[in-house]
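**Student:** Input file: coords11.csv. Contents: CSV, C-alpha atoms and all ligand atoms.
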chain,number,residue,atom,x,y,z
A,1,ASP,CA,98.9,122.1,88.8
A,2,TRP,CA,102.5,121.8,89.9
A,3,ASN,CA,105.7,123.4,88.7
A,4,MET,CA,107.6,120.2,88.1
A,5,PRO,CA,111.2,121.2,89.0
A,6,ASP,CA,109.9,122.7,92.3
A,7,TYR,CA,107.7,119.7,92.9
A,8,VAL,CA,110.6,117.3,92.4
A,9,LYS,CA,112.7,119.2,95.0
A,10,GLU,CA,109.8,119.3,97.4
A,11,ALA,CA,108.9,115.7,97.0
A,12,ILE,CA,112.6,114.6,97.5
A,13,GLY,CA,112.8,116.6,100.7
A,14,ARG,CA,109.6,115.0,102.0
A,15,ILE,CA,110.7,111.5,101.1
A,16,ARG,CA,114.1,112.0,102.8
A,17,SER,CA,112.6,113.3,106.0
A,18,GLU,CA,110.0,110.6,106.1
A,19,VAL,CA,112.3,107.7,105.4
A,20,GLY,CA,115.5,108.8,107.1
A,21,SER,CA,118.1,106.1,106.7
A,22,ASP,CA,115.6,103.3,106.4
A,23,GLU,CA,115.6,100.9,103.5
A,24,VAL,CA,112.7,100.8,101.0
A,25,ILE,CA,111.4,98.0,98.7
A,26,LEU,CA,109.4,98.7,95.5
A,27,GLY,CA,107.7,96.3,93.2
A,28,LEU,CA,108.8,97.6,89.8
A,29,SER,CA,106.5,96.5,87.0
A,30,GLY,CA,107.8,98.6,84.1
A,31,GLY,CA,104.4,100.5,84.0
A,32,VAL,CA,104.4,104.2,84.3
A,33,ASP,CA,103.5,104.6,88.0
A,34,SER,CA,106.0,102.2,89.5
A,35,SER,CA,108.7,103.4,87.1
A,36,VAL,CA,108.2,107.0,88.2
A,37,VAL,CA,108.3,106.0,91.8
A,38,ALA,CA,111.5,104.1,91.2
A,39,ALA,CA,113.1,107.1,89.5
A,40,LEU,CA,111.9,109.5,92.2
A,41,LEU,CA,113.0,107.4,95.1
A,42,HIS,CA,116.3,106.7,93.5
A,43,ARG,CA,116.8,110.4,93.2
A,44,ALA,CA,115.8,110.9,96.9
A,45,ILE,CA,117.4,108.0,98.7
A,46,GLY,CA,119.7,106.2,96.2
A,47,THR,CA,120.9,102.8,97.3
A,48,GLN,CA,118.4,102.7,100.2
A,49,LEU,CA,116.0,101.7,97.5
A,50,THR,CA,115.8,98.1,96.2
A,51,CYS,CA,113.4,97.3,93.4
A,52,VAL,CA,112.0,93.9,92.8
A,53,PHE,CA,111.1,93.2,89.2
A,54,VAL,CA,109.1,90.0,88.7
A,55,ASP,CA,109.2,88.6,85.2
A,56,ASN,CA,106.1,86.4,85.1
A,57,GLY,CA,106.7,85.1,81.6
A,58,LEU,CA,103.7,87.2,80.4
A,59,LEU,CA,105.5,90.4,79.5
A,60,ARG,CA,105.9,91.9,76.1
A,61,LEU,CA,108.8,91.3,73.7
A,62,ASN,CA,112.1,92.4,75.3
A,63,GLU,CA,110.2,94.1,78.1
A,64,ALA,CA,112.4,92.6,80.9
A,65,GLU,CA,115.6,93.7,79.1
A,66,GLN,CA,114.2,97.2,78.6
A,67,VAL,CA,113.3,97.6,82.3
A,68,MET,CA,116.7,96.4,83.4
A,69,LYS,CA,118.5,98.6,80.9
A,70,THR,CA,116.6,101.7,81.9
A,71,PHE,CA,116.8,101.3,85.7
A,72,ALA,CA,119.8,99.1,86.5
A,73,ASP,CA,122.2,99.9,83.7
A,74,ASN,CA,121.3,103.6,82.8
A,75,LEU,CA,120.1,105.0,86.2
A,76,GLY,CA,122.1,102.7,88.5
A,77,VAL,CA,119.0,101.7,90.5
A,78,LYS,CA,119.3,98.5,92.6
A,79,VAL,CA,117.0,96.1,90.9
A,80,ILE,CA,116.5,92.4,91.7
A,81,HIS,CA,115.3,90.7,88.5
A,82,VAL,CA,113.3,87.6,89.3
A,83,ASP,CA,112.9,85.3,86.3
A,84,ALA,CA,109.7,83.5,87.5
A,85,GLY,CA,108.2,82.6,84.1
A,86,ALA,CA,108.5,78.9,84.6
A,87,VAL,CA,106.7,79.1,88.0
A,88,PHE,CA,103.8,81.1,86.7
A,89,MET,CA,103.5,78.8,83.6
A,90,LYS,CA,103.4,75.7,85.9
A,91,HIS,CA,100.6,77.2,88.0
A,92,LEU,CA,98.6,78.3,84.9
A,93,ALA,CA,98.8,74.9,83.1
A,94,GLY,CA,95.4,73.5,82.4
A,95,VAL,CA,93.6,76.7,83.6
A,96,THR,CA,91.2,78.2,81.1
A,97,ASP,CA,88.9,80.5,83.2
A,98,PRO,CA,89.9,84.2,82.9
A,99,GLU,CA,89.1,85.1,86.5
A,100,GLN,CA,90.9,82.0,87.7
A,101,LYS,CA,93.9,82.9,85.7
A,102,ARG,CA,93.9,86.4,87.2
A,103,LYS,CA,93.8,85.0,90.7
A,104,ILE,CA,96.7,82.7,90.0
A,105,ILE,CA,98.8,85.4,88.5
A,106,GLY,CA,98.0,87.8,91.3
A,107,ARG,CA,98.7,85.1,94.0
A,108,GLU,CA,102.0,84.0,92.5
A,109,PHE,CA,103.1,87.6,92.2
A,110,VAL,CA,102.6,88.0,96.0
A,111,GLU,CA,104.4,84.7,96.7
A,112,VAL,CA,107.4,85.7,94.6
A,113,PHE,CA,107.5,89.2,96.0
A,114,GLN,CA,107.2,88.1,99.6
A,115,SER,CA,110.0,85.6,99.3
A,116,GLU,CA,112.2,88.2,97.7
A,117,SER,CA,111.5,90.8,100.4
A,118,ALA,CA,112.3,88.2,103.0
A,119,LYS,CA,115.8,88.5,101.7
A,120,LEU,CA,115.8,92.2,102.6
A,121,PRO,CA,115.3,92.0,106.4
A,122,ASN,CA,116.4,95.6,106.9
A,123,ALA,CA,113.6,97.1,104.8
A,124,LYS,CA,111.1,99.2,106.7
A,125,TRP,CA,109.1,100.6,103.9
A,126,LEU,CA,107.1,99.3,100.9
A,127,ALA,CA,106.8,101.9,98.2
A,128,GLN,CA,103.8,101.8,95.8
A,129,GLY,CA,102.8,103.7,92.7
A,130,THR,CA,99.4,104.7,94.1
A,131,ILE,CA,98.1,107.8,92.3
A,132,TYR,CA,95.3,110.2,93.2
A,133,PRO,CA,92.6,108.4,91.1
A,134,ASP,CA,93.5,105.1,92.9
A,135,VAL,CA,93.0,106.9,96.3
A,136,ILE,CA,89.5,108.1,95.2
A,137,GLU,CA,88.5,104.8,93.8
A,138,SER,CA,89.4,102.8,96.8
A,139,ALA,CA,87.7,105.3,99.1
A,140,SER,CA,84.5,105.1,97.1
A,141,SER,CA,84.6,101.3,96.8
A,142,LYS,CA,84.6,101.1,100.6
A,143,THR,CA,81.2,102.8,100.8
A,144,LYS,CA,79.5,101.4,97.8
A,145,LYS,CA,80.1,97.8,96.8
A,146,ALA,CA,81.5,98.0,93.2
A,147,HIS,CA,80.1,95.6,90.7
A,148,THR,CA,83.1,93.6,89.6
A,149,ILE,CA,83.3,92.6,85.9
A,150,LYS,CA,86.9,91.8,86.2
A,151,SER,CA,89.0,91.4,89.3
A,152,HIS,CA,91.8,93.8,88.4
A,153,HIS,CA,95.0,93.0,90.0
A,154,ASN,CA,97.9,95.3,90.1
A,155,VAL,CA,101.3,95.5,91.7
A,156,GLY,CA,99.5,97.5,94.4
A,157,GLY,CA,97.6,94.6,95.9
A,158,LEU,CA,100.2,93.3,98.4
A,159,PRO,CA,99.0,92.0,101.8
A,160,ASP,CA,100.0,93.7,105.1
A,161,THR,CA,101.7,90.5,106.3
A,162,LEU,CA,104.9,92.1,105.0
A,163,HIS,CA,104.8,94.4,108.1
A,164,LEU,CA,106.2,97.3,106.2
A,165,LYS,CA,105.1,100.9,106.3
A,166,LEU,CA,103.6,102.2,103.1
A,167,LEU,CA,105.3,104.9,101.1
A,168,GLU,CA,103.1,106.4,98.3
A,169,PRO,CA,104.9,109.4,96.9
A,170,LEU,CA,102.4,109.8,94.0
A,171,ARG,CA,99.3,109.9,96.1
A,172,GLU,CA,98.4,113.4,95.2
A,173,LEU,CA,99.1,113.3,91.4
A,174,PHE,CA,96.9,112.7,88.4
A,175,LYS,CA,98.2,110.5,85.6
A,176,ASP,CA,99.3,113.4,83.4
A,177,GLU,CA,101.2,114.9,86.3
A,178,VAL,CA,102.9,111.5,87.0
A,179,ARG,CA,104.0,111.4,83.3
A,180,GLU,CA,105.4,115.0,83.6
A,181,LEU,CA,107.2,114.0,86.7
A,182,GLY,CA,108.7,111.0,84.9
A,183,VAL,CA,110.0,113.2,82.1
A,184,ALA,CA,111.4,115.7,84.6
A,185,LEU,CA,113.2,112.8,86.3
A,186,GLY,CA,114.8,111.8,83.0
A,187,LEU,CA,112.8,108.7,82.1
A,188,PRO,CA,112.5,107.8,78.4
A,189,HIS,CA,109.5,109.4,76.7
A,190,ASP,CA,108.3,106.1,75.3
A,191,MET,CA,108.2,104.5,78.7
A,192,VAL,CA,106.4,107.4,80.3
A,193,TYR,CA,103.8,107.7,77.5
A,194,ARG,CA,103.3,104.0,77.0
A,195,HIS,CA,99.8,102.6,76.7
A,196,PRO,CA,98.5,100.9,79.9
A,197,PHE,CA,99.3,97.2,80.2
A,198,PRO,CA,97.2,94.9,82.5
A,199,GLY,CA,98.8,93.4,85.6
A,200,PRO,CA,98.1,89.8,84.3
A,201,GLY,CA,99.8,90.8,81.1
A,202,LEU,CA,99.6,88.4,78.2
A,203,GLY,CA,97.9,86.0,80.5
A,204,VAL,CA,94.5,87.6,79.6
A,205,ARG,CA,95.5,88.1,76.0
A,206,ILE,CA,96.0,84.4,75.3
A,207,LEU,CA,92.5,83.1,75.4
A,208,GLY,CA,91.9,80.0,77.4
A,209,GLU,CA,95.0,78.0,78.6
A,210,VAL,CA,98.2,80.0,78.7
A,211,LYS,CA,101.1,78.1,77.1
A,212,PRO,CA,104.7,79.3,76.7
A,213,GLU,CA,104.6,78.7,72.9
A,214,PHE,CA,101.5,80.8,72.6
A,215,ALA,CA,103.1,83.6,74.6
A,216,GLU,CA,106.1,83.5,72.3
A,217,LEU,CA,103.9,83.8,69.1
A,218,LEU,CA,101.8,86.6,70.7
A,219,ARG,CA,104.8,88.6,71.8
A,220,ARG,CA,106.2,88.7,68.3
A,221,ALA,CA,102.8,89.6,66.6
A,222,ASP,CA,102.2,92.3,69.2
A,223,ALA,CA,105.6,93.8,68.7
A,224,ILE,CA,105.0,94.1,65.0
A,225,PHE,CA,101.6,95.8,65.5
A,226,ILE,CA,103.0,98.3,68.0
A,227,GLU,CA,106.1,99.0,65.8
A,228,GLU,CA,103.8,99.8,62.8
A,229,LEU,CA,101.5,101.9,65.0
A,230,ARG,CA,104.5,104.0,66.1
A,231,ALA,CA,105.9,104.3,62.6
A,232,SER,CA,102.6,105.5,61.2
A,233,GLY,CA,101.8,108.0,64.0
A,234,TRP,CA,98.8,106.0,65.2
A,235,TYR,CA,100.3,105.0,68.6
A,236,GLU,CA,99.6,108.4,70.0
A,237,LYS,CA,96.1,108.5,68.5
A,238,THR,CA,95.1,105.4,70.2
A,239,SER,CA,94.6,104.8,74.0
A,240,GLN,CA,95.5,101.2,74.0
A,241,ALA,CA,96.5,98.7,71.3
A,242,PHE,CA,97.6,95.1,71.3
A,243,ALA,CA,97.3,91.7,69.7
A,244,VAL,CA,95.3,88.8,71.2
A,245,PHE,CA,96.1,85.1,70.7
A,246,LEU,CA,93.2,82.9,69.6
A,247,PRO,CA,93.9,79.3,70.2
A,248,VAL,CA,92.0,78.1,67.1
A,249,LYS,CA,93.6,76.9,63.9
A,250,ALA,CA,92.7,78.2,60.4
A,251,VAL,CA,93.6,76.9,57.0
A,252,GLY,CA,95.8,79.1,54.8
A,253,VAL,CA,98.0,78.9,51.8
A,254,MET,CA,101.7,80.0,51.6
A,255,GLY,CA,103.9,79.4,48.5
A,256,ASP,CA,102.6,76.2,47.2
A,257,GLY,CA,101.8,74.7,50.6
A,258,ARG,CA,98.8,74.6,52.8
A,259,THR,CA,99.1,75.9,56.3
A,260,TYR,CA,97.1,75.1,59.3
A,261,ASP,CA,98.0,77.7,62.0
A,262,TYR,CA,96.8,80.0,64.8
A,263,VAL,CA,94.8,83.2,64.5
A,264,VAL,CA,95.7,86.6,66.0
A,265,ALA,CA,93.2,89.4,66.6
A,266,LEU,CA,94.3,93.1,66.7
A,267,ARG,CA,92.6,95.5,69.1
A,268,ALA,CA,93.0,99.2,69.1
A,269,VAL,CA,90.8,101.6,71.1
A,270,GLN,CA,90.2,105.2,71.8
A,271,THR,CA,88.9,106.2,75.2
A,272,GLN,CA,89.1,108.9,77.9
A,273,ASP,CA,88.5,106.8,81.0
A,274,PHE,CA,88.7,103.2,79.8
A,275,MET,CA,85.1,102.7,81.1
A,276,THR,CA,83.8,103.0,77.6
A,277,ALA,CA,85.8,102.9,74.4
A,278,HIS,CA,85.5,103.1,70.6
A,279,TRP,CA,87.4,100.8,68.3
A,280,ALA,CA,90.0,102.8,66.4
A,281,GLU,CA,89.4,103.4,62.7
A,282,LEU,CA,92.9,102.5,61.7
A,283,PRO,CA,93.6,102.9,58.0
A,284,TYR,CA,93.2,99.8,55.9
A,285,THR,CA,96.7,100.2,54.4
A,286,LEU,CA,98.1,100.1,58.0
A,287,LEU,CA,96.0,97.0,58.9
A,288,GLY,CA,97.1,95.3,55.7
A,289,LYS,CA,100.7,96.0,56.3
A,290,VAL,CA,100.5,94.7,59.9
A,291,SER,CA,98.7,91.6,58.8
A,292,ASN,CA,101.2,90.8,56.0
A,293,ARG,CA,104.1,91.3,58.3
A,294,ILE,CA,102.7,89.1,61.1
A,295,ILE,CA,101.9,86.3,58.7
A,296,ASN,CA,105.3,86.5,57.0
A,297,GLU,CA,107.4,87.0,60.0
A,298,VAL,CA,105.7,84.9,62.7
A,299,ARG,CA,105.6,81.3,61.6
A,300,GLY,CA,102.7,79.7,63.4
A,301,ILE,CA,100.2,82.5,62.7
A,302,ASN,CA,98.4,82.4,59.4
A,303,ARG,CA,95.5,84.7,59.8
A,304,VAL,CA,95.0,88.2,61.3
A,305,VAL,CA,91.6,89.7,62.1
A,306,TYR,CA,90.7,93.2,63.4
A,307,ASP,CA,88.3,93.7,66.4
A,308,ILE,CA,85.5,96.2,65.6
A,309,CYS,CA,83.7,95.9,68.9
A,310,GLY,CA,83.2,98.9,71.1
A,311,LYS,CA,83.0,98.9,74.9
A,312,PRO,CA,80.3,98.3,75.7
A,313,PRO,CA,79.3,95.7,74.6
A,314,GLY,CA,82.9,94.3,74.5
A,315,THR,CA,85.5,95.0,77.1
A,316,ILE,CA,88.9,96.4,76.0
A,317,GLU,CA,90.7,93.1,76.8
A,318,TRP,CA,89.3,89.9,75.5
A,319,GLU,CA,89.2,88.2,78.9
B,1,LIG,P1,88.5,96.1,80.3
B,1,LIG,O1,89.0,94.9,79.6
B,1,LIG,O2,87.9,95.8,81.6
B,1,LIG,O3,89.8,96.9,80.6
B,1,LIG,O4,87.7,96.9,79.4
B,1,LIG,C1,89.8,98.3,81.1
B,1,LIG,C2,91.3,98.6,81.4
B,1,LIG,O5,91.8,97.9,82.4
B,1,LIG,C3,92.9,97.1,82.0
B,1,LIG,N1,92.7,95.8,82.7
B,1,LIG,C4,93.5,95.4,83.7
B,1,LIG,N2,94.4,96.0,84.4
B,1,LIG,N3,94.6,94.1,85.8
B,1,LIG,C5,95.0,95.3,85.5
B,1,LIG,O6,96.0,95.9,86.1
B,1,LIG,C6,93.6,93.4,85.2
B,1,LIG,O7,93.3,92.3,85.5
B,1,LIG,C7,93.0,94.1,84.1
B,1,LIG,N4,92.0,93.7,83.2
B,1,LIG,C8,91.9,94.8,82.4
B,1,LIG,C9,92.8,97.0,80.5
B,1,LIG,O8,94.1,96.7,80.0
B,1,LIG,C10,92.2,98.3,80.2
B,1,LIG,O9,93.2,99.3,80.2
Any chance you could give the structure as structure tokens?
**Tutor:**
Amino acid sequence: DWNMPDYVKEAIGRIRSEVGSDEVILGLSGGVDSSVVAALLHRAIGTQLTCVFVDNGLLRLNEAEQVMKTFADNLGVKVIHVDAGAVFMKHLAGVTDPEQKRKIIGREFVEVFQSESAKLPNAKWLAQGTIYPDVIESASSKTKKAHTIKSHHNVGGLPDTLHLKLLEPLRELFKDEVRELGVALGLPHDMVYRHPFPGPGLGVRILGEVKPEFAELLRRADAIFIEELRASGWYEKTSQAFAVFLPVKAVGVMGDGRTYDYVVALRAVQTQDFMTAHWAELPYTLLGKVSNRIINEVRGINRVVYDICGKPPGTIEWE
């Protein structure tokens, strides 16, 4: 249990004496952990920090703009914005297997990150948003071989071929402490208290083959769902919520015409640890409103369903 203002001062002192005048690289994802590291390092070492933000084309609506606005425009952090959507899409074309998709997205991230860091030859450190539970988890998975249901990839999984020293300023913090630290550093509340978002992003929320046009429809449907959850006060009552794109077509009727369009599933869960989860009992009026808005506002989607599967037997994501 830390006193945050004291903790910030102490952490900054520690970072400064560790790093000296060296340059540091950080993979900024827009998630809570890497965001807090960016804000903390910026406070400690200013322009010695360069963030690399890789837009893989699988982010949420306006996410890249928001990250750039928060860090580059508002805080004045040096951020290299790599618009790599086309590269990721090219490598994902024709691939339908979920684990294969994860591997490709993870591999391409490393590729892009490595070629960007090659442009920063003076960097001596690689900063990462490793938090205390990650430290424990990786220690225990070295002793007992974890049974892998999904190969989770995160910004953390970079190879040592970068020849950089690791800087992990959140190593001793739990998630709620990381959030408190983020608030103390002046990050926006909504960013610090955002639901988790998987590394492969919409890549595992578009079932089967990932196509740019599917990502576009999903982004808009998902944004409507999240907007209505926030407006109704249900965002804070759920642990994770999102839309899933189903690449099947259903028949519908709109005005006096027949439609034949795609289906979106809504998923909202409540959980403590994400190992097990309950589907959230969202009010029918809320679900109805979200469904109407998606079908009216997102041309190309004509049916919305709600996922009432717990974990187990389902997983939280659909892939
Ligand atoms: P599942 O679907 O396994 O998800 O019940 C549990 C939690 O993990 C997240 N998740 C991922 N996070 N890379 C990530 O960084 C991944 O490949 C991945 N797959 C699932 C999921 O969003 C949920 O919070």
**Student:** Could you give me the residues within 8 Å of ligand LIG 1 (chain B), counting all atoms listed in the file, as a ChimeraX atom specification?
**Tutor:** /A:102,149-155,196-201,204,240,274-276,311,314-319
**Student:** Under the rule that all atoms listed in the file are counted, which of A:Val87, A:Val37, A:Val304, A:Leu229 is the nearest residue to Gly252 of chain A?
**Tutor:** A:Val304
**Student:** For Ala127 of chain A, list every protein, DNA or RNA residue within 8 Å, evaluated using only C-alpha atoms, and leave out those in the same chain fewer than 6 positions away; present the list as a list in words.
**Tutor:**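 Within the cut-off, the hits are Val24, Ile25, Leu26, Gly27, Val37, Leu166, Leu167, Glu168 and Pro169 of chain A.
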**Student:** Give the answer as one residue: which of A:Lys165, A:Lys90, A:Arg107, A:Arg194 has the shortest atom-to-atom distance to Lys124 of chain A, using only C-alpha atoms?
**Tutor:** A:Lys165
**Student:** State, in Å with one decimal place, the distance from atom CA of Val79 of chain A to atom CA of Lys101 of chain A.
**Tutor:** 27.1 Å
**Student:** Just want the 9 Å neighbourhood of segment 253-255 of chain A, counted on all atoms listed in the file, with same-chain residues fewer than 4 positions away dropped. Output as a PyMOL selection string.
**Tutor:** chain A and resi 259-260+302
**Student:** My list of candidates is A:Leu173, A:Leu164, A:Ile226, A:Ala268. Which is closest to Val135 of chain A when distances are computed with all atoms listed in the file?
**Tutor:**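 Under the stated criterion, the closest residue is A:Leu173.
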**Student:** Neighbours of Ala243 of chain A within 9 Å (all atoms listed in the file; same-chain residues fewer than 6 positions away dropped), as a PyMOL selection string?
**Tutor:** chain A and resi 205+218-219+221-223+225-226+264-268
**Student:** With all atoms listed in the file as the counted atoms, please give the residues lying no more than 12 Å from Glu228 of chain A, apart from itself and same-chain residues fewer than 5 positions off, as number ranges by chain.
**Tutor:** A: 221-223, 233-236, 241-242, 282-283, 285-294
**Student:** Contacts of Gly76 of chain A at 10 Å or less, counting all atoms listed in the file, minus same-chain residues fewer than 5 places along, as a ChimeraX atom specification?
**Tutor:** /A:42,46-47,68-71
**Student:** My list of candidates is A:Pro5, A:Gly85, A:Gly310, A:Gly13. Which is closest to Val269 of chain A when distances are computed with all atoms listed in the file?
**Tutor:**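 Comparing A:Pro5, A:Gly85, A:Gly310, A:Gly13 against Val269 of chain A, the winner is A:Gly310.
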**Student:** Between A:Val54, A:Trp125, A:Ser232, A:Val183, which is the closest to His163 of chain A once you count all atoms listed in the file?
**Tutor:**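 Among the listed residues, the smallest separation from His163 of chain A belongs to A:Trp125.
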**Student:** Quick one: pull the distance between atom CA of Leu187 of chain A and atom CA of Leu49 of chain A, Å, one decimal.
**Tutor:**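 Pair atom CA of Leu187 of chain A / atom CA of Leu49 of chain A returns 17.2 Å.
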**Student:** Could you tell me how far atom CA of Ser29 of chain A lies from atom CA of Ile45 of chain A, in Å and to one decimal?
**Tutor:**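 A separation of 19.7 Å between them.
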**Student:** I'd like to know which of A:Leu217, A:Val210, A:Leu120, A:Leu40 is closest to Ala184 of chain A, using only C-alpha atoms.
**Tutor:**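 Answer, going by the shortest atom-to-atom distance: A:Leu40.
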